[in-house]
>>> print(open('work-v6.cif').read())   # mmCIF, C-alpha atoms
data_model
#
loop_
_atom_site.label_atom_id
_atom_site.label_comp_id
_atom_site.auth_asym_id
_atom_site.auth_seq_id
_atom_site.Cartn_x
_atom_site.Cartn_y
_atom_site.Cartn_z
CA MET A 1 -71.01 -79.31 6.33
CA ASN A 2 -74.46 -79.92 4.81
CA ARG A 3 -74.80 -79.39 1.09
CA LYS A 4 -77.26 -76.68 0.06
CA VAL A 5 -79.77 -77.13 -2.76
CA ALA A 6 -82.10 -74.52 -4.26
CA PHE A 7 -85.17 -75.14 -6.42
CA LYS A 8 -87.12 -73.09 -8.94
CA THR A 9 -90.37 -74.32 -10.50
CA LEU A 10 -92.11 -72.83 -13.52
CA GLY A 11 -95.40 -73.81 -15.08
CA CYS A 12 -98.12 -76.19 -13.98
CA ARG A 13 -99.12 -77.88 -10.74
CA LEU A 14 -97.75 -81.16 -12.05
CA ASN A 15 -94.31 -79.55 -12.08
CA GLN A 16 -94.95 -78.29 -8.55
CA TYR A 17 -95.84 -81.79 -7.37
CA GLU A 18 -92.69 -83.26 -8.90
CA THR A 19 -90.47 -80.54 -7.42
CA ASP A 20 -92.01 -81.08 -3.96
CA SER A 21 -91.28 -84.79 -4.16
CA VAL A 22 -87.68 -84.35 -5.36
CA MET A 23 -87.03 -81.64 -2.77
CA SER A 24 -88.36 -83.89 -0.01
CA ASP A 25 -85.82 -86.57 -1.02
CA PHE A 26 -83.01 -84.10 -0.37
CA VAL A 27 -84.43 -82.97 2.99
CA ASN A 28 -84.81 -86.57 4.17
CA ALA A 29 -81.16 -87.21 3.27
CA GLY A 30 -79.94 -84.23 5.35
CA TYR A 31 -79.47 -81.62 2.63
CA GLU A 32 -80.34 -78.00 3.39
CA ILE A 33 -82.92 -76.34 1.13
CA VAL A 34 -82.24 -72.64 0.53
CA ASP A 35 -83.95 -69.87 -1.39
CA PHE A 36 -83.13 -69.83 -5.09
CA ASN A 37 -81.51 -66.41 -4.76
CA GLN A 38 -79.07 -67.61 -2.10
CA PRO A 39 -75.70 -69.33 -2.58
CA ALA A 40 -76.10 -73.08 -3.02
CA ASP A 41 -74.12 -76.14 -4.03
CA ALA A 42 -76.77 -77.08 -6.58
CA TYR A 43 -79.62 -75.34 -8.37
CA VAL A 44 -82.51 -77.39 -9.77
CA ILE A 45 -84.76 -75.67 -12.32
CA ASN A 46 -88.02 -77.38 -13.30
CA THR A 47 -88.93 -75.68 -16.58
CA CYS A 48 -92.03 -74.99 -18.67
CA THR A 49 -92.22 -74.81 -22.46
CA VAL A 50 -95.98 -74.82 -23.16
CA THR A 51 -95.95 -71.21 -24.40
CA ASN A 52 -93.34 -68.77 -25.69
CA MET A 53 -93.64 -67.01 -22.33
CA GLY A 54 -92.86 -70.29 -20.56
CA ASP A 55 -89.73 -70.69 -22.70
CA HIS A 56 -88.73 -67.09 -22.03
CA LYS A 57 -89.10 -67.35 -18.26
CA SER A 58 -87.24 -70.67 -18.21
CA ARG A 59 -84.34 -69.19 -20.16
CA GLN A 60 -84.23 -66.21 -17.80
CA VAL A 61 -84.02 -68.42 -14.72
CA ILE A 62 -81.34 -70.63 -16.31
CA SER A 63 -79.32 -67.53 -17.18
CA GLN A 64 -79.75 -66.19 -13.65
CA ALA A 65 -78.51 -69.43 -12.11
CA SER A 66 -75.64 -69.66 -14.62
CA ARG A 67 -74.16 -66.45 -13.22
CA ARG A 68 -73.75 -68.00 -9.76
CA THR A 69 -70.48 -69.51 -8.58
CA GLU A 70 -68.98 -71.84 -11.17
CA ASP A 71 -68.60 -74.53 -8.50
CA ALA A 72 -72.37 -74.94 -8.24
CA VAL A 73 -74.09 -77.79 -10.05
CA LEU A 74 -76.89 -76.65 -12.36
CA VAL A 75 -79.65 -79.15 -13.12
CA VAL A 76 -82.31 -78.25 -15.70
CA THR A 77 -85.33 -80.50 -15.99
CA GLY A 78 -88.97 -80.35 -17.09
CA CYS A 79 -90.71 -79.84 -20.41
CA MET A 80 -88.14 -77.45 -21.86
CA VAL A 81 -85.57 -80.24 -21.73
CA ASN A 82 -87.83 -82.57 -23.69
CA ASN A 83 -88.40 -79.79 -26.24
CA HIS A 84 -84.88 -78.37 -26.53
CA LYS A 85 -82.53 -81.01 -25.10
CA ASP A 86 -79.86 -80.75 -27.79
CA LYS A 87 -79.58 -77.00 -27.31
CA LEU A 88 -79.47 -77.27 -23.51
CA ASP A 89 -76.80 -80.00 -23.71
CA GLN A 90 -74.63 -77.53 -25.61
CA ASN A 91 -74.76 -75.04 -22.72
CA ASP A 92 -71.49 -75.59 -20.85
CA ARG A 93 -72.89 -74.06 -17.69
CA ILE A 94 -75.67 -76.66 -17.39
CA THR A 95 -74.30 -79.71 -15.60
CA TYR A 96 -77.25 -82.01 -16.25
CA ALA A 97 -80.32 -81.70 -18.50
CA ILE A 98 -82.88 -84.25 -17.27
CA GLU A 99 -85.99 -85.25 -19.22
CA ASN A 100 -89.41 -85.52 -17.59
CA ASP A 101 -89.51 -89.30 -17.33
CA ARG A 102 -86.16 -89.32 -15.50
CA LYS A 103 -86.97 -86.39 -13.19
CA GLY A 104 -87.76 -88.66 -10.24
CA SER A 105 -84.10 -89.75 -10.11
CA ILE A 106 -82.59 -86.28 -9.67
CA PHE A 107 -81.77 -86.92 -6.00
CA HIS A 108 -79.88 -90.11 -6.90
CA LEU A 109 -78.01 -88.24 -9.65
CA LEU A 110 -76.94 -85.28 -7.49
CA ASP A 111 -76.21 -87.31 -4.37
CA SER A 112 -73.96 -89.56 -6.44
CA HIS A 113 -72.31 -86.48 -7.99
CA PHE A 114 -71.43 -85.03 -4.57
CA LYS A 115 -70.04 -88.40 -3.47
CA GLY A 116 -67.71 -88.44 -6.46
CA GLU A 117 -69.59 -91.18 -8.30
CA ILE A 118 -70.22 -90.91 -12.03
CA VAL A 119 -73.82 -91.37 -13.16
CA HIS A 120 -74.80 -90.45 -16.71
CA PRO A 121 -78.32 -88.98 -17.07
CA ASP A 122 -79.12 -91.54 -19.78
CA GLU A 123 -78.56 -94.30 -17.19
CA LEU A 124 -81.36 -93.00 -14.95
CA ILE A 125 -84.54 -95.07 -14.77
CA ARG A 126 -87.43 -93.91 -16.97
CA ASP A 127 -90.52 -93.78 -14.74
CA ARG A 128 -93.07 -90.95 -14.81
CA PHE A 129 -94.45 -92.01 -11.41
CA ALA A 130 -91.14 -92.48 -9.55
CA PHE A 131 -92.01 -89.79 -7.01
CA GLY A 132 -92.40 -90.44 -3.31
CA ALA A 133 -94.86 -88.74 -0.96
CA ALA A 134 -93.58 -85.25 -0.16
CA GLU A 135 -93.35 -84.79 3.61
CA ASN A 136 -91.53 -81.50 3.10
CA SER A 137 -93.20 -79.22 0.60
CA PHE A 138 -93.25 -75.65 -0.64
CA HIS A 139 -97.05 -75.73 -0.18
CA SER A 140 -99.62 -76.14 2.59
CA ARG A 141 -101.73 -78.51 0.49
CA SER A 142 -100.41 -81.76 -0.96
CA LEU A 143 -100.43 -82.32 -4.70
CA ILE A 144 -101.13 -85.91 -5.78
CA LYS A 145 -100.10 -87.01 -9.27
CA ILE A 146 -102.67 -89.42 -10.73
CA GLN A 147 -101.86 -89.25 -14.44
CA ASP A 148 -99.34 -87.98 -16.99
CA GLY A 149 -99.30 -87.34 -20.72
CA CYS A 150 -102.09 -86.68 -23.22
CA ASN A 151 -103.49 -88.30 -26.36
CA ASN A 152 -105.63 -85.39 -27.57
CA PHE A 153 -103.07 -83.56 -29.74
CA CYS A 154 -104.85 -80.20 -29.78
CA THR A 155 -103.51 -78.26 -32.75
CA PHE A 156 -101.86 -75.55 -30.60
CA CYS A 157 -100.32 -77.81 -27.96
CA ILE A 158 -96.93 -79.52 -27.63
CA VAL A 159 -97.71 -81.24 -24.32
CA PRO A 160 -98.10 -84.71 -25.92
CA HIS A 161 -94.61 -84.22 -27.40
CA VAL A 162 -92.91 -83.15 -24.17
CA ARG A 163 -94.97 -85.16 -21.64
CA GLY A 164 -95.66 -88.19 -23.82
CA ARG A 165 -98.78 -90.25 -24.35
CA ALA A 166 -101.39 -90.64 -21.61
CA GLU A 167 -100.59 -92.98 -18.74
CA SER A 168 -102.49 -93.40 -15.48
CA ARG A 169 -101.03 -94.18 -12.07
CA PRO A 170 -102.31 -97.36 -10.39
CA TYR A 171 -104.89 -96.67 -7.69
CA PHE A 172 -102.86 -98.60 -5.11
CA ASP A 173 -100.02 -96.08 -5.52
CA VAL A 174 -102.39 -93.10 -5.45
CA GLU A 175 -104.03 -94.30 -2.24
CA LYS A 176 -100.66 -95.04 -0.64
CA ASN A 177 -99.46 -91.52 -1.54
CA ILE A 178 -102.59 -89.96 -0.03
CA ARG A 179 -102.42 -91.97 3.19
CA GLU A 180 -98.77 -91.01 3.63
CA VAL A 181 -99.32 -87.27 3.20
CA LEU A 182 -102.28 -87.41 5.59
CA GLU A 183 -99.92 -88.91 8.16
CA PHE A 184 -97.54 -86.03 7.45
CA GLY A 185 -100.30 -83.64 8.56
CA TYR A 186 -101.73 -82.40 5.25
CA ARG A 187 -105.47 -81.69 5.23
CA GLU A 188 -106.05 -80.85 1.57
CA ILE A 189 -105.00 -82.95 -1.39
CA VAL A 190 -105.06 -81.73 -4.99
CA LEU A 191 -105.42 -84.29 -7.78
CA THR A 192 -103.15 -83.31 -10.64
CA GLY A 193 -101.88 -84.54 -13.99
CA VAL A 194 -101.91 -83.50 -17.65
CA ASN A 195 -105.41 -84.71 -18.61
CA ILE A 196 -106.83 -86.10 -15.37
CA GLY A 197 -110.41 -86.50 -16.64
CA ARG A 198 -109.07 -89.27 -18.90
CA TYR A 199 -107.71 -91.28 -15.97
CA GLU A 200 -108.12 -94.99 -16.74
CA HIS A 201 -106.37 -97.88 -15.02
CA GLU A 202 -107.55 -101.50 -15.04
CA GLY A 203 -111.18 -100.49 -15.53
CA LEU A 204 -111.13 -97.65 -12.99
CA ASN A 205 -112.01 -94.28 -14.54
CA PHE A 206 -111.68 -90.77 -13.13
CA GLU A 207 -115.09 -90.73 -11.46
CA GLY A 208 -114.40 -94.10 -9.85
CA LEU A 209 -111.01 -92.90 -8.69
CA VAL A 210 -112.48 -89.79 -7.03
CA GLU A 211 -115.17 -91.90 -5.36
CA LYS A 212 -112.57 -94.26 -3.86
CA ILE A 213 -110.44 -91.33 -2.67
CA LEU A 214 -113.42 -89.70 -0.95
CA ASN A 215 -113.95 -92.95 0.98
CA ILE A 216 -110.43 -92.92 2.46
CA PRO A 217 -110.83 -92.24 6.22
CA GLY A 218 -109.55 -88.98 7.65
CA ASP A 219 -110.21 -85.29 8.18
CA PHE A 220 -109.21 -83.92 4.79
CA ARG A 221 -110.69 -82.46 1.65
CA VAL A 222 -110.09 -83.12 -2.04
CA ARG A 223 -109.57 -80.53 -4.73
CA ILE A 224 -109.54 -81.30 -8.45
CA SER A 225 -106.82 -79.50 -10.37
CA SER A 226 -107.10 -78.16 -13.93
CA ILE A 227 -109.29 -80.48 -16.00
CA GLU A 228 -110.46 -80.78 -19.58
CA PRO A 229 -114.27 -80.88 -20.04
CA GLU A 230 -114.26 -84.53 -21.08
CA GLY A 231 -114.11 -88.04 -19.67
CA PHE A 232 -116.61 -87.47 -16.86
CA GLY A 233 -120.26 -86.63 -16.36
CA ASP A 234 -123.22 -86.84 -14.03
CA LYS A 235 -121.58 -89.19 -11.53
CA LEU A 236 -118.87 -86.60 -10.81
CA PHE A 237 -121.44 -83.80 -10.62
CA GLU A 238 -123.32 -85.75 -7.96
CA MET A 239 -120.12 -86.31 -5.97
CA PHE A 240 -119.74 -82.57 -5.44
CA GLY A 241 -122.37 -83.02 -2.77
CA HIS A 242 -119.80 -84.96 -0.74
CA PRO A 243 -118.39 -82.87 2.15
CA LYS A 244 -114.80 -83.78 1.26
CA LEU A 245 -114.97 -82.67 -2.39
CA THR A 246 -114.43 -78.92 -2.75
CA PRO A 247 -116.95 -76.96 -4.90
CA HIS A 248 -114.43 -75.68 -7.44
CA LEU A 249 -113.28 -76.69 -10.93
CA HIS A 250 -110.69 -75.11 -13.17
CA MET A 251 -112.28 -76.37 -16.40
CA CYS A 252 -110.52 -75.28 -19.59
CA LEU A 253 -112.78 -73.52 -22.13
CA GLN A 254 -110.08 -72.04 -24.43
CA SER A 255 -112.66 -70.46 -26.79
CA GLY A 256 -116.36 -69.69 -26.92
CA SER A 257 -116.43 -70.05 -30.70
CA GLU A 258 -117.47 -73.43 -32.11
CA LYS A 259 -115.43 -72.72 -35.24
CA ILE A 260 -112.26 -72.04 -33.24
CA LEU A 261 -112.78 -75.08 -31.00
CA LEU A 262 -112.88 -77.21 -34.15
CA LYS A 263 -109.68 -75.60 -35.43
CA MET A 264 -108.09 -76.25 -32.04
CA ARG A 265 -109.23 -79.90 -32.27
CA ARG A 266 -110.84 -79.71 -28.86
CA GLN A 267 -112.95 -82.68 -27.78
CA TYR A 268 -116.16 -80.80 -26.85
CA THR A 269 -118.53 -78.09 -28.06
CA VAL A 270 -119.52 -74.83 -26.41
CA ASP A 271 -122.98 -76.29 -25.74
CA GLN A 272 -121.47 -79.33 -24.01
CA PHE A 273 -119.27 -77.11 -21.87
CA THR A 274 -122.09 -74.83 -20.77
CA SER A 275 -124.32 -77.84 -20.13
CA MET A 276 -121.74 -79.20 -17.66
CA VAL A 277 -121.58 -75.83 -15.92
CA ASN A 278 -125.35 -75.57 -15.66
CA LYS A 279 -125.75 -79.10 -14.32
CA ILE A 280 -123.31 -78.43 -11.49
CA LYS A 281 -124.71 -74.96 -10.72
CA SER A 282 -128.23 -76.42 -10.54
CA ARG A 283 -126.97 -78.53 -7.64
CA ILE A 284 -124.56 -75.97 -6.09
CA PRO A 285 -125.48 -72.39 -7.14
CA ASP A 286 -122.33 -70.80 -5.68
CA PHE A 287 -119.98 -73.36 -7.27
CA ASN A 288 -116.71 -71.74 -8.35
CA PHE A 289 -115.70 -72.12 -12.00
CA THR A 290 -112.34 -70.85 -13.23
CA THR A 291 -110.90 -71.41 -16.71
CA ASP A 292 -108.23 -70.91 -19.39
CA ILE A 293 -108.88 -68.90 -22.55
CA ILE A 294 -106.62 -68.54 -25.58
CA VAL A 295 -107.02 -65.30 -27.53
CA GLY A 296 -105.74 -64.63 -31.03
CA PHE A 297 -105.80 -68.20 -32.33
CA PRO A 298 -105.11 -68.28 -36.11
CA GLY A 299 -108.24 -67.25 -37.98
CA GLU A 300 -110.05 -65.92 -34.88
CA THR A 301 -112.36 -63.19 -36.18
CA GLU A 302 -113.91 -60.37 -34.17
CA GLU A 303 -117.15 -62.39 -34.16
CA ASP A 304 -115.33 -65.46 -32.79
CA PHE A 305 -113.78 -63.36 -30.06
CA LEU A 306 -117.13 -61.80 -29.16
CA ASP A 307 -118.56 -65.34 -28.85
CA THR A 308 -115.84 -66.10 -26.31
CA CYS A 309 -116.63 -62.92 -24.38
CA ARG A 310 -120.35 -63.75 -24.40
CA VAL A 311 -119.82 -67.29 -23.05
CA ALA A 312 -117.37 -66.09 -20.39
CA ASP A 313 -119.77 -63.36 -19.34
CA GLU A 314 -122.75 -65.74 -19.14
CA ILE A 315 -120.87 -68.31 -17.08
CA GLY A 316 -119.24 -65.69 -14.87
CA PHE A 317 -115.87 -67.36 -14.24
CA SER A 318 -114.32 -66.06 -11.03
CA HIS A 319 -110.88 -66.27 -12.62
CA ILE A 320 -109.68 -66.53 -16.23
CA HIS A 321 -106.10 -67.45 -17.05
CA THR A 322 -105.69 -65.64 -20.36
CA PHE A 323 -103.12 -66.86 -22.88
CA LYS A 324 -102.13 -65.06 -26.05
CA TYR A 325 -101.77 -67.71 -28.73
CA SER A 326 -98.10 -68.41 -29.37
CA VAL A 327 -96.66 -70.55 -32.15
CA ARG A 328 -95.19 -73.87 -31.01
CA LYS A 329 -93.00 -75.49 -33.63
CA GLY A 330 -94.23 -78.81 -34.95
CA THR A 331 -97.90 -78.23 -34.10
CA ARG A 332 -100.69 -78.15 -36.68
CA ALA A 333 -101.65 -74.61 -35.69
CA GLU A 334 -98.22 -73.41 -36.79
CA ARG A 335 -99.23 -74.24 -40.36
CA LEU A 336 -102.69 -72.63 -40.22
CA PRO A 337 -103.30 -69.43 -42.23
CA ASP A 338 -104.39 -66.06 -40.89
CA HIS A 339 -102.14 -65.65 -37.86
CA LEU A 340 -103.07 -62.53 -35.90
CA SER A 341 -100.83 -59.62 -34.95
CA GLU A 342 -99.52 -59.13 -31.42
CA LYS A 343 -101.43 -55.85 -31.30
CA VAL A 344 -104.76 -57.64 -31.79
CA LYS A 345 -103.81 -60.34 -29.28
CA ASN A 346 -102.89 -57.70 -26.69
CA GLU A 347 -106.15 -55.83 -27.22
CA ARG A 348 -108.23 -58.99 -26.85
CA SER A 349 -106.27 -60.10 -23.79
CA ALA A 350 -107.06 -56.78 -22.13
CA VAL A 351 -110.79 -57.20 -22.82
CA ILE A 352 -110.83 -60.69 -21.27
CA ARG A 353 -108.85 -59.51 -18.26
CA ASP A 354 -111.32 -56.68 -17.62
CA LEU A 355 -114.26 -59.05 -17.95
CA ALA A 356 -112.59 -61.56 -15.61
CA GLU A 357 -111.87 -58.88 -13.02
CA LYS A 358 -115.52 -57.81 -12.98
CA HIS A 359 -116.75 -61.35 -12.35
CA LYS A 360 -114.02 -62.11 -9.81
CA ARG A 361 -115.05 -59.22 -7.59
CA ALA A 362 -118.76 -59.91 -8.00
CA TYR A 363 -118.31 -63.58 -7.14
CA ARG A 364 -116.20 -62.89 -4.06
CA ARG A 365 -118.55 -60.18 -2.82
CA SER A 366 -121.39 -62.72 -2.94
CA PHE A 367 -119.75 -64.56 0.00
CA ILE A 368 -119.96 -61.65 2.43
CA GLY A 369 -122.04 -62.88 5.36
CA LYS A 370 -121.32 -66.55 4.56
CA GLU A 371 -118.84 -68.98 6.12
CA GLN A 372 -115.79 -70.55 4.57
CA THR A 373 -113.71 -73.44 5.89
CA VAL A 374 -110.22 -72.02 5.46
CA LEU A 375 -107.06 -74.08 5.12
CA VAL A 376 -104.48 -71.89 6.88
CA GLU A 377 -101.34 -71.42 4.77
CA LYS A 378 -99.45 -68.82 6.81
CA ILE A 379 -99.71 -66.41 9.74
CA ASP A 380 -98.09 -63.05 9.06
CA SER A 381 -96.15 -60.79 11.44
CA ARG A 382 -99.31 -58.81 12.25
CA GLY A 383 -101.07 -61.92 13.50
CA PHE A 384 -103.35 -62.39 10.47
CA ALA A 385 -103.90 -65.86 9.06
CA HIS A 386 -104.09 -66.33 5.30
CA GLY A 387 -105.47 -69.29 3.40
CA TYR A 388 -108.09 -70.55 0.98
CA GLY A 389 -111.70 -71.54 1.60
CA GLU A 390 -113.37 -74.56 0.04
CA HIS A 391 -114.46 -72.44 -2.94
CA TYR A 392 -110.79 -71.61 -3.63
CA MET A 393 -110.83 -67.95 -2.72
CA PRO A 394 -108.15 -66.24 -0.62
CA VAL A 395 -109.27 -65.40 2.95
CA ARG A 396 -107.64 -63.35 5.71
CA PHE A 397 -108.64 -63.33 9.37
CA LYS A 398 -107.16 -62.52 12.78
CA ALA A 399 -105.48 -65.64 14.15
CA ASP A 400 -106.07 -66.91 17.69
CA GLU A 401 -104.44 -69.64 19.79
CA HIS A 402 -106.40 -72.32 17.90
CA THR A 403 -105.19 -71.19 14.46
CA LEU A 404 -102.48 -73.47 13.08
CA VAL A 405 -100.85 -73.69 9.65
CA LYS A 406 -102.14 -76.65 7.55
CA ASN A 407 -105.30 -76.82 9.66
CA PHE A 408 -108.90 -75.76 9.03
CA ARG A 409 -110.73 -72.82 10.61
CA SER A 410 -114.35 -71.87 10.09
CA VAL A 411 -114.41 -68.17 9.16
CA LYS A 412 -117.38 -65.84 8.66
CA ILE A 413 -116.73 -63.45 5.77
CA THR A 414 -117.30 -59.78 6.64
CA SER A 415 -115.84 -57.82 3.73
CA LEU A 416 -113.78 -57.86 0.54
CA ASP A 417 -110.33 -56.30 0.46
CA LYS A 418 -109.11 -54.03 -2.32
CA GLY A 419 -106.22 -54.74 -4.66
CA ASN A 420 -105.50 -56.81 -7.77
CA ASP A 421 -106.34 -60.12 -6.11
CA PRO A 422 -108.59 -59.03 -3.24
CA GLU A 423 -108.79 -61.29 -0.20
CA LEU A 424 -112.01 -62.02 1.56
CA VAL A 425 -111.77 -60.71 5.13
CA GLY A 426 -113.44 -62.56 7.97
CA LYS A 427 -113.43 -63.55 11.61
CA VAL A 428 -113.48 -66.85 13.49
#
>>> encode(input="work-v6.cif", output="structure tokens")
Amino acid sequence: MNRKVAFKTLGCRLNQYETDSVMSDFVNAGYEIVDFNQPADAYVINTCTVTNMGDHKSRQVISQASRRTEDAVLVVTGCMVNNHKDKLDQNDRITYAIENDRKGSIFHLLDSHFKGEIVHPDELIRDRFAFGAAENSFHSRSLIKIQDGCNNFCTFCIVPHVRGRAESRPYFDVEKNIREVLEFGYREIVLTGVNIGRYEHEGLNFEGLVEKILNIPGDFRVRISSIEPEGFGDKLFEMFGHPKLTPHLHMCLQSGSEKILLKMRRQYTVDQFTSMVNKIKSRIPDFNFTTDIIVGFPGETEEDFLDTCRVADEIGFSHIHTFKYSVRKGTRAERLPDHLSEKVKNERSAVIRDLAEKHKRAYRRSFIGKEQTVLVEKIDSRGFAHGYGEHYMPVRFKADEHTLVKNFRSVKITSLDKGNDPELVGKV
């Protein structure tokens, strides 16, 4: 009887990439992958600890899995392990707590466990890039890890502590990974890492890496995942004219106040950020910018917050991932004075969400009458295909005999749906 394994991933796209790769190892070895809510022989939880909410959700999922049959193996991995390993090791229900740099060996660990072999987690190889190409994935696009870790040490962030210092993956391995997933049938690749704009390996920087990837033969497109506004410039802006590079960036602003950016120890100014936006929009007016914003950072005044609102309103982000500042132990921001109340943080979060919703709908409405090249992710029971266009907006259209999952369709947008995350509606 085949062993059954279930996965749960929290947090960033880097975690998603690593889960996809580990899961694919199990599929290739004949294991059955089941939904996390179903009975399984093993549960693998890839955790997040970047915010208090990430910790809370990770604890909830661990608790949920702990209530399953006692015969099941429970593996907890990801950033929460690096941040709270001693505490997790004391949880009798957790079979293995695996740190990030040993995550790529989870298949070897569990397969050995089921064969009756004893492998201690500390004996697993430390390698942040020990992940094979994921033929079997939870996604219709393929995530490609190009980098891990960060050297910036922003005052609010524990990522350098749980992901380690910056390290870039050799281009040979990146190219090999991309060529393999293209052979598997993927048509969109997403470059991901912790601070990908700082990619640097043997003289090759991020812009050079993207240029080489765009020159790989094949019918595919490239999307850049979340990126800090640093480490790149005009050369990348010019490359957005390439047909393979999608016109979308999730570029992290965090605050529109120069004073708060300095307190955060960010590596750019508001003027530098807006200059990047304007340079790209001068080339591609309908370019899609999305971002992260932290509200309620220690010492953030009403004036600072209004500066953030003004910048967000002027840029017109089509999506804003809003974070309420949360204390992370050991960071410099923990020791800053003038921490704000949850009431103020909640109020400011609501303002940003309303502003973001206004711009999201306006941006999506601007595509009515235009065409989008949609990567089909699924076809529902009513015969409608769902996917994302090159500008990273959700699109729905009536499928025909030529509509296949993981393939492109050219769709003319006719209207905008209603709802919290309205889809663009179109026809082929």
>>> closest_residue(input="work-v6.cif", among="A:Val425, A:Met23, A:Ala356, A:Val411", to="A:Phe131", atoms="all atoms listed in the file")
A:Met23
>>> closest_atom_pairs(input="work-v6.cif", of="stretch 141-211 of chain A", to="stretch 236-259 of chain A", cutoff="10 Å", atoms="only C-alpha atoms", output="JSON lines")
{"residue": "A:Glu188", "atom": "CA", "partner": "A:Lys244", "partner_atom": "CA", "distance": 9.2}
{"residue": "A:Phe206", "atom": "CA", "partner": "A:Leu236", "partner_atom": "CA", "distance": 8.6}
{"residue": "A:Glu207", "atom": "CA", "partner": "A:Leu236", "partner_atom": "CA", "distance": 5.6}
{"residue": "A:Gly208", "atom": "CA", "partner": "A:Leu236", "partner_atom": "CA", "distance": 8.8}
{"residue": "A:Val210", "atom": "CA", "partner": "A:Leu236", "partner_atom": "CA", "distance": 8.1}
{"residue": "A:Glu211", "atom": "CA", "partner": "A:Met239", "partner_atom": "CA", "distance": 7.5}
>>> residues_around(input="work-v6.cif", residues="A:Lys418", least_positions_apart="5", cutoff="12 Å", atoms="all atoms listed in the file", output="list in words")
Arg361, Arg364, Arg365, Glu423, Leu424 and Val425 of chain A
>>> closest_residue(input="work-v6.cif", among="A:Arg335, A:Lys324, A:Arg353, A:Arg179", to="A:Lys263", atoms="only C-alpha atoms")
A:Arg335
>>> closest_residue(input="work-v6.cif", among="A:Phe289, A:Tyr31, A:Phe367, A:Tyr17", to="A:Gly193", atoms="all atoms listed in the file")
A:Tyr17
>>> residues_near_point(input="work-v6.cif", point="(-84.9, -73.6, -4.2)", cutoff="9 Å", atoms="only C-alpha atoms", output="PyMOL selection string")
chain A and resi 5-9+23+33-38+40+43-45
>>> write_last_selection(input="work-v6.cif", atoms="C-alpha atoms", output="compact mmCIF listing (two decimals), keeping the file's coordinate frame")
# COMPACT_ATOMS: atom_id res chain seq x y z
CA VAL A 5 -79.77 -77.13 -2.76
CA ALA A 6 -82.10 -74.52 -4.26
CA PHE A 7 -85.17 -75.14 -6.42
CA LYS A 8 -87.12 -73.09 -8.94
CA THR A 9 -90.37 -74.32 -10.50
CA MET A 23 -87.03 -81.64 -2.77
CA ILE A 33 -82.92 -76.34 1.13
CA VAL A 34 -82.24 -72.64 0.53
CA ASP A 35 -83.95 -69.87 -1.39
CA PHE A 36 -83.13 -69.83 -5.09
CA ASN A 37 -81.51 -66.41 -4.76
CA GLN A 38 -79.07 -67.61 -2.10
CA ALA A 40 -76.10 -73.08 -3.02
CA TYR A 43 -79.62 -75.34 -8.37
CA VAL A 44 -82.51 -77.39 -9.77
CA ILE A 45 -84.76 -75.67 -12.32
>>> residues_around(input="work-v6.cif", residues="A:Ile294", least_positions_apart="2", cutoff="10 Å", atoms="all atoms listed in the file", output="PyMOL selection string")
chain A and resi 156+252-256+292+296-297+305+308+321-326+345+348-349+352
>>> write_last_selection(input="work-v6.cif", atoms="C-alpha atoms", output="PDB file, in the coordinates of the input")
ATOM      1  CA  PHE A 156    -101.860 -75.550 -30.600  1.00  0.00           C
ATOM      2  CA  CYS A 252    -110.520 -75.280 -19.590  1.00  0.00           C
ATOM      3  CA  LEU A 253    -112.780 -73.520 -22.130  1.00  0.00           C
ATOM      4  CA  GLN A 254    -110.080 -72.040 -24.430  1.00  0.00           C
ATOM      5  CA  SER A 255    -112.660 -70.460 -26.790  1.00  0.00           C
ATOM      6  CA  GLY A 256    -116.360 -69.690 -26.920  1.00  0.00           C
ATOM      7  CA  ASP A 292    -108.230 -70.910 -19.390  1.00  0.00           C
ATOM      8  CA  GLY A 296    -105.740 -64.630 -31.030  1.00  0.00           C
ATOM      9  CA  PHE A 297    -105.800 -68.200 -32.330  1.00  0.00           C
ATOM     10  CA  PHE A 305    -113.780 -63.360 -30.060  1.00  0.00           C
ATOM     11  CA  THR A 308    -115.840 -66.100 -26.310  1.00  0.00           C
ATOM     12  CA  HIS A 321    -106.100 -67.450 -17.050  1.00  0.00           C
ATOM     13  CA  THR A 322    -105.690 -65.640 -20.360  1.00  0.00           C
ATOM     14  CA  PHE A 323    -103.120 -66.860 -22.880  1.00  0.00           C
ATOM     15  CA  LYS A 324    -102.130 -65.060 -26.050  1.00  0.00           C
ATOM     16  CA  TYR A 325    -101.770 -67.710 -28.730  1.00  0.00           C
ATOM     17  CA  SER A 326     -98.100 -68.410 -29.370  1.00  0.00           C
ATOM     18  CA  LYS A 345    -103.810 -60.340 -29.280  1.00  0.00           C
ATOM     19  CA  ARG A 348    -108.230 -58.990 -26.850  1.00  0.00           C
ATOM     20  CA  SER A 349    -106.270 -60.100 -23.790  1.00  0.00           C
ATOM     21  CA  ILE A 352    -110.830 -60.690 -21.270  1.00  0.00           C
TER      22      ILE A 352
END
>>> residues_near_point(input="work-v6.cif", point="(-102.5, -84.5, 6.4)", cutoff="10 Å", atoms="only C-alpha atoms", output="ChimeraX atom specification")
/A:135,140-142,178-189,218-221,406-407
>>> atom_distance(input="work-v6.cif", atom1="atom CA of A:Asn346", atom2="atom CA of A:Asn52")
14.7 Å
>>> resolve_selection(input="work-v6.cif", expression="the PyMOL selection byres ((chain A and resi 339) around 8)", output="list of chain:residue names")
A:Gly296, A:Phe297, A:Pro298, A:Gly299, A:Leu336, A:Pro337, A:Asp338, A:Leu340, A:Ser341
>>> closest_residue(input="work-v6.cif", among="A:Lys412, A:Lys103, A:Lys370, A:His108", to="A:Arg163", atoms="all atoms listed in the file")
A:Lys103
